[in-house]
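**Q** See coords25.txt below, with compact mmCIF, C-alpha atoms.
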```
# COMPACT_ATOMS: atom_id res chain seq x y z
CA MET A 1204 -7.29 6.91 76.93
CA VAL A 1205 -7.66 3.20 77.74
CA TRP A 1206 -11.03 3.11 75.98
CA THR A 1207 -9.46 4.64 72.86
CA LYS A 1208 -6.74 1.97 72.73
CA GLU A 1209 -9.32 -0.78 73.11
CA CYS A 1210 -11.36 0.70 70.26
CA TRP A 1211 -8.31 0.77 68.00
CA VAL A 1212 -7.51 -2.86 68.83
CA LEU A 1213 -11.12 -3.88 68.16
CA MET A 1214 -11.16 -1.99 64.85
CA GLY A 1215 -7.88 -3.63 63.85
CA ILE A 1216 -9.27 -7.10 64.58
CA ILE A 1217 -12.42 -6.33 62.52
CA ILE A 1218 -10.40 -4.97 59.57
CA ILE A 1219 -8.05 -7.98 59.59
CA GLY A 1220 -11.03 -10.32 59.81
CA LEU A 1221 -12.77 -8.65 56.88
CA TRP A 1222 -9.57 -8.72 54.82
CA LEU A 1223 -9.07 -12.44 55.51
CA LEU A 1224 -12.69 -13.10 54.54
CA TRP A 1225 -12.28 -11.13 51.28
CA TYR A 1226 -8.96 -12.85 50.51
CA SER A 1227 -10.52 -16.27 51.08
CA LYS A 1228 -13.42 -15.47 48.74
CA GLN A 1229 -11.03 -14.18 46.06
CA ASN A 1230 -9.03 -17.41 46.20
CA LYS A 1231 -12.19 -19.50 45.91
CA MET A 1232 -13.37 -17.45 42.92
CA LYS A 1233 -9.99 -17.84 41.23
CA LYS A 1234 -10.06 -21.60 41.72
CA LYS A 1235 -13.60 -21.83 40.35
CA SER A 1236 -12.88 -19.59 37.36
CA GLY A 1237 -9.87 -21.64 36.30
CA VAL A 1238 -7.68 -18.57 35.78
CA PRO A 1239 -4.04 -19.63 35.32
CA LYS A 1240 -1.47 -18.91 37.99
CA GLY A 1241 0.62 -15.78 37.79
CA ASN A 1242 1.24 -12.35 39.27
CA LEU A 1243 -0.63 -9.14 38.39
CA GLY A 1244 2.02 -6.92 39.97
CA TRP A 1245 1.30 -3.33 41.01
CA PRO A 1246 -2.09 -1.62 40.46
CA PHE A 1247 -2.40 -0.16 36.93
CA ILE A 1248 1.34 -0.55 36.21
CA GLY A 1249 1.29 -4.30 36.80
CA GLU A 1250 4.54 -5.88 35.58
CA THR A 1251 4.99 -3.41 32.70
CA LEU A 1252 8.29 -1.97 33.90
CA ASP A 1253 9.85 -5.42 34.16
CA PHE A 1254 8.43 -6.34 30.75
CA ILE A 1255 9.86 -3.24 29.04
CA ALA A 1256 13.20 -3.49 30.88
CA CYS A 1257 13.71 -7.05 29.61
CA GLY A 1258 13.17 -5.79 26.06
CA TYR A 1259 16.31 -3.63 26.35
CA THR A 1260 18.55 -6.50 27.49
CA SER A 1261 20.42 -9.13 25.50
CA GLN A 1262 17.70 -11.64 26.51
CA PRO A 1263 14.33 -9.98 25.80
CA VAL A 1264 12.42 -13.27 26.27
CA SER A 1265 13.62 -13.57 29.87
CA PHE A 1266 10.36 -11.97 31.07
CA MET A 1267 8.37 -14.86 29.60
CA ASP A 1268 10.93 -17.53 30.48
CA LYS A 1269 10.97 -16.56 34.16
CA ARG A 1270 7.18 -16.73 34.50
CA LYS A 1271 6.98 -19.89 32.43
CA SER A 1272 9.33 -21.60 34.88
CA LEU A 1273 7.26 -20.36 37.85
CA TYR A 1274 3.70 -20.86 36.61
CA GLY A 1275 3.83 -23.14 33.57
CA ASN A 1276 3.26 -22.65 29.83
CA VAL A 1277 0.09 -20.56 30.40
CA PHE A 1278 0.13 -17.82 33.03
CA LYS A 1279 -1.48 -14.50 33.89
CA THR A 1280 0.23 -11.13 34.15
CA HIS A 1281 -0.59 -7.43 33.87
CA ILE A 1282 1.26 -5.34 31.28
CA LEU A 1283 0.60 -2.12 29.39
CA GLY A 1284 -2.41 -1.29 31.55
CA THR A 1285 -4.25 -4.57 30.85
CA PRO A 1286 -4.48 -7.89 32.75
CA ILE A 1287 -3.76 -10.69 30.26
CA ILE A 1288 -3.16 -14.42 29.97
CA VAL A 1289 0.04 -15.41 28.18
CA SER A 1290 0.39 -18.75 26.39
CA THR A 1291 3.76 -20.19 25.40
CA ASP A 1292 2.19 -23.51 24.45
CA PRO A 1293 2.22 -24.13 20.63
CA ASP A 1294 -0.96 -26.23 20.71
CA VAL A 1295 -2.91 -23.60 22.67
CA ASN A 1296 -1.63 -20.85 20.39
CA LYS A 1297 -2.68 -22.79 17.30
CA VAL A 1298 -6.24 -23.14 18.60
CA VAL A 1299 -6.44 -19.42 19.44
CA LEU A 1300 -4.92 -18.20 16.15
CA GLN A 1301 -7.13 -20.45 14.01
CA ASN A 1302 -10.24 -19.44 15.91
CA HIS A 1303 -11.08 -16.48 13.57
CA GLY A 1304 -12.77 -14.59 16.42
CA ASN A 1305 -15.47 -17.21 17.06
CA THR A 1306 -14.60 -18.37 20.59
CA PHE A 1307 -11.60 -16.18 21.35
CA VAL A 1308 -11.96 -12.51 20.44
CA PRO A 1309 -8.55 -10.84 19.92
CA ALA A 1310 -7.76 -7.92 22.21
CA TYR A 1311 -4.76 -5.62 22.07
CA PRO A 1312 -3.20 -3.18 24.56
CA LYS A 1313 -4.72 0.28 24.60
CA SER A 1314 -1.49 1.82 23.28
CA ILE A 1315 -1.73 -0.31 20.11
CA ARG A 1316 -5.44 0.45 19.66
CA GLU A 1317 -4.78 4.18 20.07
CA LEU A 1318 -1.98 4.19 17.51
CA LEU A 1319 -3.54 1.95 14.87
CA GLY A 1320 -7.05 3.40 15.15
CA ASP A 1321 -10.60 2.05 15.16
CA PHE A 1322 -10.49 0.92 11.52
CA SER A 1323 -7.35 -1.18 11.81
CA ILE A 1324 -7.50 -4.81 10.67
CA LEU A 1325 -6.65 -5.72 14.27
CA GLN A 1326 -10.10 -4.49 15.30
CA MET A 1327 -11.86 -6.84 12.86
CA ASN A 1328 -13.16 -10.27 13.87
CA GLY A 1329 -14.99 -13.23 12.38
CA ASN A 1330 -16.01 -13.33 8.71
CA LEU A 1331 -14.99 -9.71 8.04
CA GLN A 1332 -11.46 -10.45 9.20
CA LYS A 1333 -11.29 -13.57 7.00
CA ARG A 1334 -12.47 -11.63 3.92
CA VAL A 1335 -9.98 -8.81 4.46
CA HIS A 1336 -7.13 -11.29 5.01
CA ALA A 1337 -8.08 -13.11 1.82
CA GLN A 1338 -8.09 -9.85 -0.19
CA ILE A 1339 -4.74 -8.75 1.19
CA GLY A 1340 -3.28 -12.21 0.60
CA GLY A 1341 -4.51 -12.20 -3.00
CA PHE A 1342 -2.94 -8.79 -3.60
CA LEU A 1343 0.41 -9.83 -2.11
CA ARG A 1344 0.46 -13.04 -4.18
CA SER A 1345 -0.26 -11.28 -7.47
CA PRO A 1346 2.46 -11.86 -10.14
CA GLN A 1347 2.64 -8.12 -10.95
CA LEU A 1348 3.40 -7.16 -7.36
CA LYS A 1349 5.93 -9.97 -6.94
CA ALA A 1350 7.77 -8.89 -10.09
CA ARG A 1351 7.84 -5.25 -8.96
CA ILE A 1352 8.97 -6.01 -5.42
CA THR A 1353 11.66 -8.42 -6.63
CA LYS A 1354 13.12 -5.74 -8.91
CA ASP A 1355 12.98 -3.10 -6.15
CA ILE A 1356 14.68 -5.45 -3.67
CA GLU A 1357 17.42 -6.25 -6.18
CA ASN A 1358 18.13 -2.56 -6.85
CA SER A 1359 18.09 -1.66 -3.16
CA VAL A 1360 20.45 -4.51 -2.26
CA LYS A 1361 22.90 -3.48 -5.00
CA LEU A 1362 22.96 0.13 -3.77
CA THR A 1363 23.41 -0.97 -0.17
CA LEU A 1364 26.24 -3.36 -0.98
CA ALA A 1365 27.97 -0.61 -2.95
CA SER A 1366 27.80 1.70 0.08
CA TRP A 1367 29.53 -0.86 2.32
CA LYS A 1368 32.94 -0.42 0.71
CA ASP A 1369 33.50 2.84 2.63
CA MET A 1370 32.20 1.47 5.94
CA HIS A 1371 34.56 0.03 8.59
CA LEU A 1372 31.76 -1.45 10.71
CA ILE A 1373 28.52 -2.87 9.31
CA TYR A 1374 25.42 -3.64 11.38
CA VAL A 1375 23.71 -6.19 9.17
CA GLN A 1376 20.38 -6.09 11.01
CA GLU A 1377 20.14 -2.32 10.65
CA GLU A 1378 21.06 -2.52 6.96
CA ILE A 1379 18.36 -5.16 6.33
CA LYS A 1380 15.78 -3.02 8.16
CA LYS A 1381 16.80 -0.09 5.99
CA ILE A 1382 16.39 -2.10 2.76
CA THR A 1383 13.01 -3.46 3.86
CA PHE A 1384 11.70 -0.02 4.80
CA GLU A 1385 12.85 1.57 1.52
CA VAL A 1386 11.24 -1.16 -0.59
CA LEU A 1387 7.91 -1.08 1.26
CA VAL A 1388 7.70 2.72 1.16
CA LYS A 1389 8.47 2.76 -2.54
CA VAL A 1390 5.83 0.12 -3.29
CA LEU A 1391 3.11 1.56 -1.06
CA ILE A 1392 3.49 5.33 -1.48
CA SER A 1393 6.11 5.73 -4.23
CA ILE A 1394 8.65 7.66 -2.13
CA ARG A 1395 12.25 7.11 -3.19
CA PRO A 1396 15.51 7.60 -1.21
CA GLY A 1397 16.07 11.22 -0.27
CA GLU A 1398 14.99 13.84 2.25
CA ASP A 1399 11.34 12.75 2.26
CA LEU A 1400 12.28 9.11 2.91
CA TYR A 1401 14.60 10.13 5.75
CA PHE A 1402 11.80 12.20 7.32
CA LEU A 1403 9.34 9.32 6.94
CA LYS A 1404 11.74 6.79 8.46
CA LYS A 1405 12.49 9.03 11.45
CA GLU A 1406 8.79 9.60 12.22
CA PHE A 1407 7.96 5.91 11.67
CA GLU A 1408 10.61 4.87 14.20
CA GLU A 1409 9.11 7.37 16.65
CA PHE A 1410 5.66 5.93 15.93
CA ILE A 1411 6.49 2.27 16.57
CA LYS A 1412 8.18 3.05 19.90
CA GLY A 1413 4.72 3.67 21.31
CA LEU A 1414 3.32 0.24 20.43
CA ILE A 1415 4.78 -1.11 23.67
CA CYS A 1416 4.21 1.49 26.37
CA LEU A 1417 1.89 2.50 29.20
CA PRO A 1418 -1.41 3.91 27.84
CA ILE A 1419 -0.84 7.40 29.28
CA LYS A 1420 -1.62 10.14 26.75
CA LEU A 1421 -0.11 13.20 28.44
CA PRO A 1422 2.37 15.64 26.85
CA GLY A 1423 5.88 14.23 27.08
CA THR A 1424 4.83 10.58 27.48
CA ARG A 1425 5.84 7.87 25.03
CA LEU A 1426 2.29 7.38 23.71
CA TYR A 1427 1.79 11.13 23.20
CA LYS A 1428 5.01 11.40 21.16
CA SER A 1429 4.05 8.41 19.01
CA LEU A 1430 0.59 9.85 18.34
CA LYS A 1431 2.22 13.10 17.19
CA ALA A 1432 4.49 11.09 14.88
CA LYS A 1433 1.40 9.35 13.51
CA GLU A 1434 -0.17 12.73 12.68
CA LYS A 1435 2.95 13.74 10.74
CA LEU A 1436 3.02 10.43 8.85
CA LEU A 1437 -0.64 10.71 7.84
CA LYS A 1438 -0.13 14.30 6.75
CA MET A 1439 2.83 13.27 4.60
CA VAL A 1440 0.99 10.35 2.98
CA LYS A 1441 -2.05 12.53 2.21
CA ALA A 1442 0.19 15.22 0.70
CA ASP A 1443 1.98 12.61 -1.42
CA ARG A 1444 -1.29 11.25 -2.76
CA ARG A 1445 -2.56 14.74 -3.47
CA ARG A 1446 0.65 15.51 -5.33
CA GLU A 1447 0.24 12.37 -7.46
CA LYS A 1448 -3.26 13.43 -8.45
CA THR A 1449 -2.58 17.11 -9.10
CA GLY A 1450 1.11 17.16 -9.92
CA TYR A 1451 2.01 19.37 -6.96
CA GLY A 1452 1.60 19.54 -3.20
CA GLU A 1453 3.46 20.34 -0.03
CA ILE A 1454 4.94 17.28 1.65
CA ARG A 1455 5.27 18.68 5.17
```
Before anything else, please render the file you have as structure tokens.

**A**
Amino acid sequence: MVWTKECWVLMGIIIIGLWLLWYSKQNKMKKKSGVPKGNLGWPFIGETLDFIACGYTSQPVSFMDKRKSLYGNVFKTHILGTPIIVSTDPDVNKVVLQNHGNTFVPAYPKSIRELLGDFSILQMNGNLQKRVHAQIGGFLRSPQLKARITKDIENSVKLTLASWKDMHLIYVQEEIKKITFEVLVKVLISIRPGEDLYFLKKEFEEFIKGLICLPIKLPGTRLYKSLKAKEKLLKMVKADRRREKTGYGEIR
């Protein structure tokens, strides 16, 4: 019995010694690598729960502000299943954003990559990204598109303002989001206000909820629901395009 206790004490000393040795090496590696200060939180989950919880408060930037005060303008954290470095410094951000994928290669949380797909513009880097941005910019700056969007915005605003006369309480932000969504949908896929637009808006809202979530793709999870909404949206867009070409087609 005495021998057993001594063995346990000896094993405890060895384990503690090995842990201290490992911890010391980790600290030395961190100092050499120049990784910013910060906290990675729990394994896998990291600080995701705190990050998402702050988004539902009246001060959604409090997550960043708290860590900025503790660690400085650039700090490390672990959210949405990925360890990351966050920069709140305008000069650092300018260098990264103007890099065009040469030194800094953009990376996005797995939830965003899952939802937007492998062929999203977010997955492009370097010269390909610059060419695609230039083409999209040229399209958005075209006089024809500007004239069309301006007219659509004007009509949508008039209809929205007319609907306010029967409303006792108006949430301006929600009304602006509604106008923006209607105009973009009309321009991109020619769907006007009605049942189809309502269906599209509902599924789109379900889709974007998954952009900020844990990358767990099991039935009932946030990411799973958003992926299902994405399938419905793609099906609707394909049906709409098929209807434009043939003159008929089932939307849902």

**Q** Have a look at atom CA of Leu1243 of chain A and atom CA of Thr1285 of chain A and let me know their distance in Å, one decimal.

**A**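 Between these atoms lies a distance of 9.5 Å.
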
**Q** Which neighbours of His1281 of chain A fall inside 10 Å, counting all atoms listed in the file, when residues of the same chain fewer than 6 positions from it are skipped, and could you give them as a list in words?

**A**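 What passes the distance filter is Gly1241, Asn1242, Leu1243, Gly1244, Trp1245, Pro1246, Phe1247, Ile1248, Gly1249, Glu1250, Thr1251, Phe1254, Ile1287, Ile1288 and Val1289 of chain A.
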
**Q** Would you save the residues of that selection, restricted to C-alpha atoms, as a CSV table (one decimal), in the frame of the given file?

**A**
```csv
chain,number,residue,atom,x,y,z
A,1241,GLY,CA,0.6,-15.8,37.8
A,1242,ASN,CA,1.2,-12.4,39.3
A,1243,LEU,CA,-0.6,-9.1,38.4
A,1244,GLY,CA,2.0,-6.9,40.0
A,1245,TRP,CA,1.3,-3.3,41.0
A,1246,PRO,CA,-2.1,-1.6,40.5
A,1247,PHE,CA,-2.4,-0.2,36.9
A,1248,ILE,CA,1.3,-0.6,36.2
A,1249,GLY,CA,1.3,-4.3,36.8
A,1250,GLU,CA,4.5,-5.9,35.6
A,1251,THR,CA,5.0,-3.4,32.7
A,1254,PHE,CA,8.4,-6.3,30.8
A,1287,ILE,CA,-3.8,-10.7,30.3
A,1288,ILE,CA,-3.2,-14.4,30.0
A,1289,VAL,CA,0.0,-15.4,28.2
```

**Q** Neighbouring residues of segment 1255-1267 of chain A were defined as those with any atom within 10 Å, considering all atoms listed in the file; residues of the same chain fewer than 5 positions away were excluded. Please report them as number ranges by chain.

**A** A: 1250, 1272-1273, 1276, 1278, 1282-1283, 1289-1291, 1415-1417

**Q** Would you kindly return, as an NGL selection string, each protein, DNA or RNA residue with an atom no farther than 12 Å from any atom of segment 1381-1391 of chain A, considering only C-alpha atoms and excluding same-chain residues fewer than 5 positions away?

**A** :A and (1343 or 1347-1364 or 1374-1376 or 1396-1397 or 1399-1401 or 1403-1405 or 1407-1408 or 1436 or 1440 or 1443-1444)

**Q** What are the centre and edge lengths in Å, to one decimal, of the axis-aligned box around all listed atoms of segment 1307-1325 of chain A with 3 Å added on each side, as JSON?

**A**
```
{"center_x": -6.7, "center_y": -6.0, "center_z": 17.6, "size_x": 16.5, "size_y": 26.4, "size_z": 19.9}
```

**Q** For the atom pair atom CA of Lys1441 of chain A and atom CA of Phe1322 of chain A, what is the interatomic distance in Å to one decimal place?

**A**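 Here the two named atoms are 17.1 Å from each other.
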
**Q** For Leu1319 of chain A, please output as a PDB file with C-alpha atoms, in the frame of the given file all residues within 12 Å (counting all atoms listed in the file; exclusion window: fewer than 5 positions along the same chain).

**A**
```
ATOM      1  CA  TYR A1311      -4.760  -5.620  22.070  1.00  0.00           C
ATOM      2  CA  PRO A1312      -3.200  -3.180  24.560  1.00  0.00           C
ATOM      3  CA  LYS A1313      -4.720   0.280  24.600  1.00  0.00           C
ATOM      4  CA  SER A1314      -1.490   1.820  23.280  1.00  0.00           C
ATOM      5  CA  ILE A1324      -7.500  -4.810  10.670  1.00  0.00           C
ATOM      6  CA  LEU A1325      -6.650  -5.720  14.270  1.00  0.00           C
ATOM      7  CA  GLN A1326     -10.100  -4.490  15.300  1.00  0.00           C
ATOM      8  CA  PHE A1410       5.660   5.930  15.930  1.00  0.00           C
ATOM      9  CA  ILE A1411       6.490   2.270  16.570  1.00  0.00           C
ATOM     10  CA  GLY A1413       4.720   3.670  21.310  1.00  0.00           C
ATOM     11  CA  LEU A1414       3.320   0.240  20.430  1.00  0.00           C
ATOM     12  CA  LEU A1426       2.290   7.380  23.710  1.00  0.00           C
ATOM     13  CA  SER A1429       4.050   8.410  19.010  1.00  0.00           C
ATOM     14  CA  LEU A1430       0.590   9.850  18.340  1.00  0.00           C
ATOM     15  CA  LYS A1433       1.400   9.350  13.510  1.00  0.00           C
ATOM     16  CA  GLU A1434      -0.170  12.730  12.680  1.00  0.00           C
ATOM     17  CA  LEU A1437      -0.640  10.710   7.840  1.00  0.00           C
TER      18      LEU A1437
END
```

**Q** Given the choices A:Ala1310, A:Tyr1427, A:Lys1240, A:Leu1300, which gets closest to Val1277 of chain A if the distance is worked out from all atoms listed in the file?

**A**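 Smallest distance to Val1277 of chain A is found for A:Lys1240.
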
**Q** What separation in Å, quoted to one decimal, exists between atom CA of Val1298 of chain A and atom CA of Lys1333 of chain A?

**A**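 Straight-line distance from atom CA of Val1298 of chain A to atom CA of Lys1333 of chain A works out to 15.9 Å.
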
**Q** Identify which of the residues A:Asp1253, A:Glu1317, A:Glu1406, A:Asp1369 lies closest to Ile1419 of chain A, counting all atoms listed in the file when measuring atom-to-atom distances.

**A** A:Glu1317

**Q** Using only C-alpha atoms for the distances, tell me which of A:Asn1330, A:Ala1432, A:Pro1418, A:Phe1342 is nearest to Gly1284 of chain A.

**A** A:Pro1418

**Q** Ranking A:Val1238, A:Leu1318, A:Val1295, A:Leu1252 by minimum distance to Lys1428 of chain A and counting all atoms listed in the file, which one comes first?

**A** A:Leu1318
